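For reference, model.cif (mmCIF, N, CA and C atoms):
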```cif
data_protein
loop_
_atom_site.label_atom_id
_atom_site.label_comp_id
_atom_site.auth_asym_id
_atom_site.auth_seq_id
_atom_site.Cartn_x
_atom_site.Cartn_y
_atom_site.Cartn_z
N MET A 411 9.43 -7.28 1.51
CA MET A 411 9.08 -7.37 0.11
C MET A 411 7.86 -8.27 -0.01
N PHE A 412 6.95 -7.85 -0.86
CA PHE A 412 5.74 -8.63 -1.10
C PHE A 412 5.41 -8.52 -2.57
N VAL A 413 5.17 -9.64 -3.21
CA VAL A 413 4.85 -9.66 -4.64
C VAL A 413 3.34 -9.84 -4.78
N PHE A 414 2.68 -8.85 -5.36
CA PHE A 414 1.25 -8.93 -5.61
C PHE A 414 1.03 -9.73 -6.89
N GLN A 415 0.50 -10.93 -6.74
CA GLN A 415 0.24 -11.81 -7.87
C GLN A 415 -1.11 -12.48 -7.67
N THR A 416 -1.52 -13.23 -8.68
CA THR A 416 -2.81 -13.91 -8.62
C THR A 416 -2.90 -14.84 -7.41
N HIS A 417 -1.82 -15.53 -7.07
CA HIS A 417 -1.87 -16.47 -5.96
C HIS A 417 -1.50 -15.85 -4.61
N THR A 418 -1.29 -14.55 -4.56
CA THR A 418 -1.06 -13.89 -3.27
C THR A 418 -2.21 -12.91 -3.03
N VAL A 419 -1.98 -11.62 -3.29
CA VAL A 419 -3.00 -10.61 -3.06
C VAL A 419 -3.16 -9.75 -4.32
N PRO A 420 -3.93 -10.26 -5.28
CA PRO A 420 -4.14 -9.46 -6.49
C PRO A 420 -5.12 -8.33 -6.19
N TYR A 421 -4.74 -7.12 -6.51
CA TYR A 421 -5.65 -6.00 -6.29
C TYR A 421 -6.33 -5.65 -7.60
N GLN A 422 -7.54 -5.13 -7.50
CA GLN A 422 -8.29 -4.76 -8.69
C GLN A 422 -8.30 -3.25 -8.93
N GLN A 423 -7.97 -2.48 -7.90
CA GLN A 423 -7.94 -1.02 -8.03
C GLN A 423 -6.71 -0.46 -7.35
N LEU A 424 -6.12 0.54 -7.98
CA LEU A 424 -5.03 1.30 -7.38
C LEU A 424 -5.45 2.76 -7.46
N LYS A 425 -5.61 3.39 -6.30
CA LYS A 425 -5.95 4.81 -6.24
C LYS A 425 -4.73 5.55 -5.69
N ARG A 426 -4.40 6.67 -6.31
CA ARG A 426 -3.27 7.46 -5.82
C ARG A 426 -3.73 8.89 -5.60
N SER A 427 -3.36 9.45 -4.46
CA SER A 427 -3.70 10.82 -4.12
C SER A 427 -2.43 11.54 -3.70
N THR A 428 -2.10 12.61 -4.42
CA THR A 428 -0.88 13.37 -4.16
C THR A 428 -1.24 14.81 -3.86
N SER A 429 -0.60 15.40 -2.85
CA SER A 429 -0.87 16.80 -2.51
C SER A 429 0.43 17.59 -2.44
N TRP A 430 0.30 18.90 -2.52
CA TRP A 430 1.43 19.82 -2.41
C TRP A 430 1.08 20.89 -1.39
N ARG A 431 2.08 21.33 -0.65
CA ARG A 431 1.84 22.28 0.43
C ARG A 431 2.10 23.72 -0.02
N HIS A 432 1.16 24.58 0.34
CA HIS A 432 1.27 26.01 0.07
C HIS A 432 0.90 26.74 1.36
N ALA A 433 1.85 27.49 1.91
CA ALA A 433 1.58 28.26 3.13
C ALA A 433 0.88 29.56 2.72
N SER A 434 -0.05 29.99 3.56
CA SER A 434 -0.76 31.24 3.24
C SER A 434 -0.45 32.31 4.28
N GLN A 435 -0.48 33.53 3.83
CA GLN A 435 -0.27 34.69 4.69
C GLN A 435 -1.43 35.65 4.45
N SER A 436 -2.17 35.94 5.51
CA SER A 436 -3.29 36.87 5.36
C SER A 436 -2.79 38.27 5.06
N ARG A 437 -3.56 38.98 4.21
CA ARG A 437 -3.21 40.36 3.86
C ARG A 437 -4.45 41.23 4.00
N VAL A 438 -4.25 42.46 4.38
CA VAL A 438 -5.35 43.41 4.54
C VAL A 438 -5.85 43.84 3.17
N ASP A 439 -7.17 43.80 3.00
CA ASP A 439 -7.83 44.22 1.76
C ASP A 439 -7.36 43.48 0.52
N ASP A 440 -6.87 42.29 0.68
CA ASP A 440 -6.44 41.51 -0.48
C ASP A 440 -6.54 40.03 -0.13
N ARG A 441 -6.48 39.22 -1.13
CA ARG A 441 -6.50 37.78 -0.90
C ARG A 441 -5.21 37.35 -0.22
N PRO A 442 -5.24 36.20 0.44
CA PRO A 442 -4.01 35.73 1.08
C PRO A 442 -2.89 35.51 0.05
N ALA A 443 -1.66 35.70 0.50
CA ALA A 443 -0.49 35.40 -0.34
C ALA A 443 -0.10 33.95 -0.06
N TYR A 444 0.26 33.24 -1.12
CA TYR A 444 0.63 31.83 -0.98
C TYR A 444 2.07 31.62 -1.41
N GLN A 445 2.72 30.71 -0.69
CA GLN A 445 4.09 30.34 -1.04
C GLN A 445 4.18 28.82 -1.05
N TYR A 446 4.71 28.29 -2.13
CA TYR A 446 4.90 26.85 -2.22
C TYR A 446 6.00 26.44 -1.26
N VAL A 447 5.70 25.46 -0.40
CA VAL A 447 6.68 25.03 0.59
C VAL A 447 7.11 23.58 0.41
N GLY A 448 6.61 22.92 -0.62
CA GLY A 448 7.10 21.56 -0.90
C GLY A 448 6.00 20.55 -1.09
N PRO A 449 6.42 19.34 -1.40
CA PRO A 449 5.43 18.29 -1.60
C PRO A 449 4.73 17.92 -0.30
N GLY A 450 3.51 17.46 -0.43
CA GLY A 450 2.73 17.02 0.72
C GLY A 450 2.65 15.51 0.75
N GLU A 451 1.52 15.00 1.21
CA GLU A 451 1.34 13.56 1.33
C GLU A 451 1.11 12.93 -0.04
N ASP A 452 1.58 11.72 -0.16
CA ASP A 452 1.38 10.92 -1.37
C ASP A 452 0.89 9.57 -0.90
N ARG A 453 -0.35 9.23 -1.24
CA ARG A 453 -0.97 8.00 -0.75
C ARG A 453 -1.39 7.10 -1.91
N ILE A 454 -1.25 5.81 -1.69
CA ILE A 454 -1.79 4.82 -2.61
C ILE A 454 -2.71 3.91 -1.81
N THR A 455 -3.87 3.66 -2.38
CA THR A 455 -4.82 2.72 -1.80
C THR A 455 -5.01 1.58 -2.79
N LEU A 456 -4.78 0.38 -2.33
CA LEU A 456 -4.99 -0.82 -3.14
C LEU A 456 -6.25 -1.51 -2.66
N ILE A 457 -7.16 -1.79 -3.58
CA ILE A 457 -8.44 -2.40 -3.23
C ILE A 457 -8.60 -3.68 -4.04
N GLY A 458 -9.03 -4.73 -3.37
CA GLY A 458 -9.20 -5.97 -4.11
C GLY A 458 -10.08 -6.96 -3.39
N LYS A 459 -10.25 -8.09 -4.05
CA LYS A 459 -11.07 -9.17 -3.53
C LYS A 459 -10.29 -10.47 -3.68
N LEU A 460 -10.21 -11.22 -2.60
CA LEU A 460 -9.54 -12.52 -2.61
C LEU A 460 -10.57 -13.63 -2.57
N LEU A 461 -10.33 -14.64 -3.36
CA LEU A 461 -11.13 -15.86 -3.34
C LEU A 461 -10.14 -16.98 -3.02
N PRO A 462 -9.97 -17.31 -1.73
CA PRO A 462 -8.89 -18.21 -1.30
C PRO A 462 -8.79 -19.54 -2.06
N GLU A 463 -9.85 -19.99 -2.68
CA GLU A 463 -9.75 -21.22 -3.49
C GLU A 463 -8.91 -20.99 -4.74
N PHE A 464 -8.82 -19.72 -5.18
CA PHE A 464 -8.13 -19.42 -6.43
C PHE A 464 -6.98 -18.44 -6.27
N THR A 465 -7.04 -17.61 -5.24
CA THR A 465 -6.01 -16.58 -5.02
C THR A 465 -5.43 -16.77 -3.63
N GLY A 466 -4.70 -15.77 -3.18
CA GLY A 466 -4.20 -15.77 -1.82
C GLY A 466 -5.35 -15.60 -0.84
N GLY A 467 -5.02 -15.58 0.42
CA GLY A 467 -6.05 -15.45 1.44
C GLY A 467 -5.55 -14.69 2.65
N ARG A 468 -6.12 -15.02 3.78
CA ARG A 468 -5.82 -14.33 5.04
C ARG A 468 -4.33 -14.42 5.39
N VAL A 469 -3.68 -15.53 5.09
CA VAL A 469 -2.25 -15.70 5.39
C VAL A 469 -1.44 -14.61 4.68
N ASP A 470 -1.78 -14.33 3.44
CA ASP A 470 -1.06 -13.30 2.69
C ASP A 470 -1.31 -11.91 3.27
N LEU A 471 -2.53 -11.63 3.69
CA LEU A 471 -2.81 -10.34 4.33
C LEU A 471 -2.07 -10.24 5.66
N ASP A 472 -1.96 -11.36 6.38
CA ASP A 472 -1.21 -11.35 7.64
C ASP A 472 0.27 -11.09 7.40
N GLU A 473 0.81 -11.57 6.27
CA GLU A 473 2.20 -11.28 5.94
C GLU A 473 2.40 -9.78 5.71
N ILE A 474 1.43 -9.15 5.08
CA ILE A 474 1.49 -7.70 4.88
C ILE A 474 1.40 -6.99 6.23
N ARG A 475 0.57 -7.49 7.12
CA ARG A 475 0.49 -6.92 8.48
C ARG A 475 1.84 -7.05 9.20
N ASP A 476 2.50 -8.19 9.03
CA ASP A 476 3.82 -8.39 9.64
C ASP A 476 4.82 -7.35 9.11
N MET A 477 4.74 -7.07 7.82
CA MET A 477 5.62 -6.05 7.23
C MET A 477 5.32 -4.69 7.86
N ALA A 478 4.04 -4.38 8.03
CA ALA A 478 3.64 -3.10 8.63
C ALA A 478 4.11 -3.00 10.08
N ASP A 479 4.06 -4.14 10.80
CA ASP A 479 4.50 -4.16 12.20
C ASP A 479 5.96 -3.77 12.36
N GLN A 480 6.77 -4.01 11.33
CA GLN A 480 8.19 -3.65 11.39
C GLN A 480 8.39 -2.14 11.37
N GLY A 481 7.39 -1.39 10.88
CA GLY A 481 7.52 0.06 10.82
C GLY A 481 8.52 0.52 9.77
N GLN A 482 8.86 -0.34 8.84
CA GLN A 482 9.86 -0.03 7.83
C GLN A 482 9.19 0.40 6.53
N ALA A 483 9.99 0.96 5.64
CA ALA A 483 9.53 1.34 4.31
C ALA A 483 9.88 0.22 3.34
N TRP A 484 9.08 0.11 2.30
CA TRP A 484 9.26 -0.95 1.32
C TRP A 484 9.20 -0.35 -0.08
N PRO A 485 10.05 -0.84 -1.00
CA PRO A 485 9.98 -0.34 -2.37
C PRO A 485 8.70 -0.84 -3.03
N LEU A 486 8.07 0.03 -3.81
CA LEU A 486 6.87 -0.35 -4.55
C LEU A 486 7.21 -0.29 -6.03
N VAL A 487 7.15 -1.45 -6.67
CA VAL A 487 7.49 -1.56 -8.09
C VAL A 487 6.31 -2.21 -8.81
N GLU A 488 5.84 -1.55 -9.84
CA GLU A 488 4.73 -2.07 -10.63
C GLU A 488 5.22 -3.23 -11.50
N GLY A 489 4.31 -4.09 -11.93
CA GLY A 489 4.67 -5.22 -12.78
C GLY A 489 5.33 -4.80 -14.08
N THR A 490 5.07 -3.57 -14.51
CA THR A 490 5.69 -3.06 -15.74
C THR A 490 7.13 -2.63 -15.52
N GLY A 491 7.55 -2.59 -14.25
CA GLY A 491 8.90 -2.14 -13.91
C GLY A 491 8.94 -0.71 -13.38
N LYS A 492 7.82 0.01 -13.45
CA LYS A 492 7.77 1.39 -12.93
C LYS A 492 8.02 1.37 -11.42
N GLN A 493 8.99 2.17 -10.98
CA GLN A 493 9.33 2.25 -9.56
C GLN A 493 8.65 3.47 -8.95
N TYR A 494 7.90 3.23 -7.88
CA TYR A 494 7.17 4.30 -7.20
C TYR A 494 7.96 4.87 -6.03
N GLY A 495 9.03 4.23 -5.62
CA GLY A 495 9.81 4.70 -4.48
C GLY A 495 9.52 3.89 -3.23
N LEU A 496 9.80 4.49 -2.07
CA LEU A 496 9.65 3.81 -0.78
C LEU A 496 8.31 4.17 -0.13
N TRP A 497 7.63 3.15 0.39
CA TRP A 497 6.30 3.32 0.97
C TRP A 497 6.20 2.58 2.29
N VAL A 498 5.42 3.13 3.21
CA VAL A 498 5.09 2.44 4.46
C VAL A 498 3.63 2.01 4.39
N ILE A 499 3.34 0.92 5.04
CA ILE A 499 1.96 0.42 5.11
C ILE A 499 1.32 1.07 6.33
N THR A 500 0.24 1.81 6.12
CA THR A 500 -0.38 2.52 7.23
C THR A 500 -1.70 1.91 7.67
N ARG A 501 -2.30 1.08 6.82
CA ARG A 501 -3.60 0.50 7.20
C ARG A 501 -3.91 -0.72 6.33
N VAL A 502 -4.49 -1.73 6.97
CA VAL A 502 -5.00 -2.91 6.26
C VAL A 502 -6.41 -3.16 6.77
N ASP A 503 -7.37 -3.13 5.86
CA ASP A 503 -8.76 -3.45 6.20
C ASP A 503 -9.15 -4.71 5.45
N GLU A 504 -9.89 -5.59 6.11
CA GLU A 504 -10.38 -6.77 5.41
C GLU A 504 -11.79 -7.09 5.88
N THR A 505 -12.59 -7.57 4.95
CA THR A 505 -13.95 -7.98 5.24
C THR A 505 -14.14 -9.38 4.68
N SER A 506 -14.42 -10.35 5.56
CA SER A 506 -14.64 -11.73 5.15
C SER A 506 -16.14 -11.99 5.01
N SER A 507 -16.48 -12.74 3.98
CA SER A 507 -17.89 -13.11 3.76
C SER A 507 -17.95 -14.41 2.98
N THR A 508 -19.16 -14.92 2.82
CA THR A 508 -19.40 -16.16 2.10
C THR A 508 -18.47 -17.25 2.65
N PHE A 509 -18.89 -17.85 3.75
CA PHE A 509 -18.04 -18.77 4.48
C PHE A 509 -18.26 -20.23 4.08
N PHE A 510 -17.19 -21.03 4.16
CA PHE A 510 -17.27 -22.46 3.97
C PHE A 510 -17.84 -23.09 5.25
N ARG A 511 -18.13 -24.35 5.21
CA ARG A 511 -18.71 -25.05 6.37
C ARG A 511 -17.82 -24.98 7.61
N ASP A 512 -16.49 -24.97 7.39
CA ASP A 512 -15.56 -24.94 8.52
C ASP A 512 -15.35 -23.53 9.07
N GLY A 513 -16.02 -22.55 8.49
CA GLY A 513 -15.91 -21.17 8.97
C GLY A 513 -14.88 -20.33 8.24
N ALA A 514 -14.09 -20.96 7.35
CA ALA A 514 -13.10 -20.20 6.58
C ALA A 514 -13.83 -19.35 5.53
N ALA A 515 -13.29 -18.16 5.30
CA ALA A 515 -13.91 -17.24 4.35
C ALA A 515 -13.67 -17.70 2.91
N ALA A 516 -14.71 -17.68 2.11
CA ALA A 516 -14.59 -17.98 0.69
C ALA A 516 -14.33 -16.71 -0.10
N LYS A 517 -14.60 -15.55 0.52
CA LYS A 517 -14.37 -14.26 -0.12
C LYS A 517 -13.84 -13.28 0.92
N ILE A 518 -12.74 -12.63 0.59
CA ILE A 518 -12.14 -11.62 1.47
C ILE A 518 -11.91 -10.37 0.65
N GLU A 519 -12.57 -9.28 1.02
CA GLU A 519 -12.33 -7.99 0.37
C GLU A 519 -11.34 -7.22 1.24
N PHE A 520 -10.41 -6.51 0.60
CA PHE A 520 -9.38 -5.82 1.37
C PHE A 520 -9.09 -4.45 0.80
N THR A 521 -8.55 -3.61 1.67
CA THR A 521 -8.04 -2.30 1.29
C THR A 521 -6.72 -2.11 2.01
N LEU A 522 -5.67 -1.76 1.25
CA LEU A 522 -4.36 -1.45 1.84
C LEU A 522 -4.06 0.01 1.60
N GLN A 523 -3.60 0.71 2.63
CA GLN A 523 -3.21 2.10 2.46
C GLN A 523 -1.71 2.22 2.66
N LEU A 524 -1.07 2.91 1.71
CA LEU A 524 0.37 3.10 1.72
C LEU A 524 0.67 4.60 1.69
N GLU A 525 1.75 5.01 2.36
CA GLU A 525 2.20 6.40 2.36
C GLU A 525 3.62 6.45 1.84
N HIS A 526 3.86 7.38 0.93
CA HIS A 526 5.19 7.56 0.35
C HIS A 526 6.08 8.24 1.39
N VAL A 527 7.30 7.73 1.56
CA VAL A 527 8.27 8.34 2.46
C VAL A 527 9.44 8.85 1.63
N ASP A 528 10.33 9.56 2.27
CA ASP A 528 11.49 10.12 1.59
C ASP A 528 12.33 9.01 0.98
N ASP A 529 12.43 8.99 -0.35
CA ASP A 529 13.16 7.92 -1.04
C ASP A 529 14.64 7.89 -0.69
N ALA A 530 15.18 9.00 -0.21
CA ALA A 530 16.59 9.05 0.15
C ALA A 530 16.87 8.36 1.49
N ARG A 531 15.82 8.09 2.26
CA ARG A 531 15.98 7.47 3.58
C ARG A 531 16.10 5.95 3.46
N THR A 532 17.21 5.51 2.89
CA THR A 532 17.41 4.07 2.70
C THR A 532 17.55 3.33 4.04
N ASP A 533 17.78 4.07 5.12
CA ASP A 533 17.85 3.43 6.43
C ASP A 533 16.47 2.93 6.88
N LEU A 534 15.41 3.37 6.21
CA LEU A 534 14.05 2.94 6.56
C LEU A 534 13.63 1.65 5.86
N ILE A 535 14.43 1.19 4.91
CA ILE A 535 14.04 0.04 4.10
C ILE A 535 13.98 -1.22 4.96
N GLY A 536 12.87 -1.94 4.85
CA GLY A 536 12.69 -3.19 5.58
C GLY A 536 13.56 -4.28 4.99
N SER A 537 13.76 -5.34 5.75
CA SER A 537 14.59 -6.45 5.26
C SER A 537 13.71 -7.66 4.98
N LEU A 538 14.17 -8.46 4.03
CA LEU A 538 13.44 -9.67 3.68
C LEU A 538 13.57 -10.71 4.78
N THR A 539 12.45 -11.34 5.11
CA THR A 539 12.49 -12.44 6.06
C THR A 539 12.66 -13.73 5.28
N THR A 540 12.93 -14.81 5.98
CA THR A 540 13.09 -16.10 5.32
C THR A 540 11.83 -16.47 4.55
N SER A 541 10.64 -16.23 5.14
CA SER A 541 9.39 -16.57 4.46
C SER A 541 9.20 -15.71 3.23
N ALA A 542 9.59 -14.46 3.29
CA ALA A 542 9.45 -13.57 2.12
C ALA A 542 10.38 -14.01 1.00
N VAL A 543 11.59 -14.41 1.35
CA VAL A 543 12.54 -14.88 0.34
C VAL A 543 11.99 -16.14 -0.32
N ALA A 544 11.45 -17.06 0.49
CA ALA A 544 10.88 -18.30 -0.06
C ALA A 544 9.69 -17.99 -0.97
N ARG A 545 8.84 -17.05 -0.56
CA ARG A 545 7.68 -16.67 -1.36
C ARG A 545 8.13 -16.04 -2.68
N LEU A 546 9.13 -15.17 -2.60
CA LEU A 546 9.63 -14.52 -3.80
C LEU A 546 10.26 -15.55 -4.74
N ALA A 547 11.02 -16.48 -4.20
CA ALA A 547 11.63 -17.52 -5.01
C ALA A 547 10.56 -18.38 -5.67
N GLY A 548 9.49 -18.69 -4.93
CA GLY A 548 8.39 -19.47 -5.49
C GLY A 548 7.63 -18.73 -6.56
N ALA A 549 7.63 -17.40 -6.47
CA ALA A 549 6.91 -16.59 -7.46
C ALA A 549 7.55 -16.68 -8.82
N TYR A 550 8.86 -16.91 -8.85
CA TYR A 550 9.58 -16.93 -10.12
C TYR A 550 9.95 -18.35 -10.55
N ALA A 551 9.46 -19.35 -9.82
CA ALA A 551 9.77 -20.74 -10.17
C ALA A 551 8.90 -21.22 -11.30
#
```
Can the structure in the file be given as structure tokens, please?
Amino acid sequence: MFVFQTHTVPYQQLKRSTSWRHASQSRVDDRPAYQYVGPGEDRITLIGKLLPEFTGGRVDLDEIRDMADQGQAWPLVEGTGKQYGLWVITRVDETSSTFFRDGAAAKIEFTLQLEHVDDARTDLIGSLTTSAVARLAGAYA
């Protein structure tokens, strides 16, 4: 579990791309016949900029990487309460720039890619670690 907030990893853009699968069958002297075979990929891309003096930083992105390393699915819930279902983290990109004297980044731009998995597969749900529980508790303090 990870809570996207101002002091963790606030994103400025959420892009969603959803596809549906249609199998085609070639036909003589006619256009191909298509049959709907089900939903396809559903992706969310979160894009943002971190300013570690005011927001989260590399530690928060590393926590997301740790979640991805587990290979588990995580529930995605919007701040409004809208539930998106179960998602896996498939990619984390970060670009550090504008450095302090000690070499720490003053600005970190990031992109997170998520893939929707079968919501019925509750066996894929990741578990909260002690640090995640502490972070979540601190978020509501």
Discussion item. For the provided coordinates, the residues matched by the PyMOL selection byres ((chain A and resi 483) around 5) should be stated as an MDAnalysis selection string.
Written reply: chainID A and resid 481:482 484:485 497:498 534:536
Could you save the residues just selected, with N, CA and C atoms, as a PDB file, in the coordinates of the input?
```pdb
ATOM      1  N   GLY A 481       7.390  -1.390  10.880  1.00  0.00           N
ATOM      2  CA  GLY A 481       7.520   0.060  10.820  1.00  0.00           C
ATOM      3  C   GLY A 481       8.520   0.520   9.770  1.00  0.00           C
ATOM      4  N   GLN A 482       8.860  -0.340   8.840  1.00  0.00           N
ATOM      5  CA  GLN A 482       9.860  -0.030   7.830  1.00  0.00           C
ATOM      6  C   GLN A 482       9.190   0.400   6.530  1.00  0.00           C
ATOM      7  N   TRP A 484       9.080   0.110   2.300  1.00  0.00           N
ATOM      8  CA  TRP A 484       9.260  -0.950   1.320  1.00  0.00           C
ATOM      9  C   TRP A 484       9.200  -0.350  -0.080  1.00  0.00           C
ATOM     10  N   PRO A 485      10.050  -0.840  -1.000  1.00  0.00           N
ATOM     11  CA  PRO A 485       9.980  -0.340  -2.370  1.00  0.00           C
ATOM     12  C   PRO A 485       8.700  -0.840  -3.030  1.00  0.00           C
ATOM     13  N   TRP A 497       7.630   3.150   0.390  1.00  0.00           N
ATOM     14  CA  TRP A 497       6.300   3.320   0.970  1.00  0.00           C
ATOM     15  C   TRP A 497       6.200   2.580   2.290  1.00  0.00           C
ATOM     16  N   VAL A 498       5.420   3.130   3.210  1.00  0.00           N
ATOM     17  CA  VAL A 498       5.090   2.440   4.460  1.00  0.00           C
ATOM     18  C   VAL A 498       3.630   2.010   4.390  1.00  0.00           C
ATOM     19  N   LEU A 534      15.410   3.370   6.210  1.00  0.00           N
ATOM     20  CA  LEU A 534      14.050   2.940   6.560  1.00  0.00           C
ATOM     21  C   LEU A 534      13.630   1.650   5.860  1.00  0.00           C
ATOM     22  N   ILE A 535      14.430   1.190   4.910  1.00  0.00           N
ATOM     23  CA  ILE A 535      14.040   0.040   4.100  1.00  0.00           C
ATOM     24  C   ILE A 535      13.980  -1.220   4.960  1.00  0.00           C
ATOM     25  N   GLY A 536      12.870  -1.940   4.850  1.00  0.00           N
ATOM     26  CA  GLY A 536      12.690  -3.190   5.580  1.00  0.00           C
ATOM     27  C   GLY A 536      13.560  -4.280   4.990  1.00  0.00           C
TER      28      GLY A 536
END
```
Hey, what does DSSP flag as strand (DSSP E or B) within chain A? Can you give it to me as a PyMOL selection string? chain A and resi 423-437+440-460+483-487+493-509+515-526+535
- Query: If the PyMOL selection byres ((chain A and resi 424) around 6.5) is run on the structure shown, which residues does it catch, given as a list in words?
  - Reply: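 Against this file, the PyMOL selection byres ((chain A and resi 424) around 6.5) returns the residues Tyr421, Gln422, Gln423, Lys425, Arg426, Ile454, Thr455, Leu456 and Ile457 of chain A.
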Checklist line | Distance of CA of Arg453 (chain A) from CA of Ile499 (chain A), expressed in Å to one decimal place | finding: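 CA of Arg453 (chain A) lies 10.0 Å from CA of Ile499 (chain A).
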Original post:
Taking the file as shown, what set of residues would the PyMOL selection byres ((chain A and resi 504) around 8) give back, as a ChimeraX atom specification?
Top reply: /A:501-503,505-507,518-522
- In Å, how far is it from CA of Asp528 (chain A) to CA of Ser427 (chain A)?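 Interatomic distance, CA of Asp528 (chain A) to CA of Ser427 (chain A): 16.2 Å.
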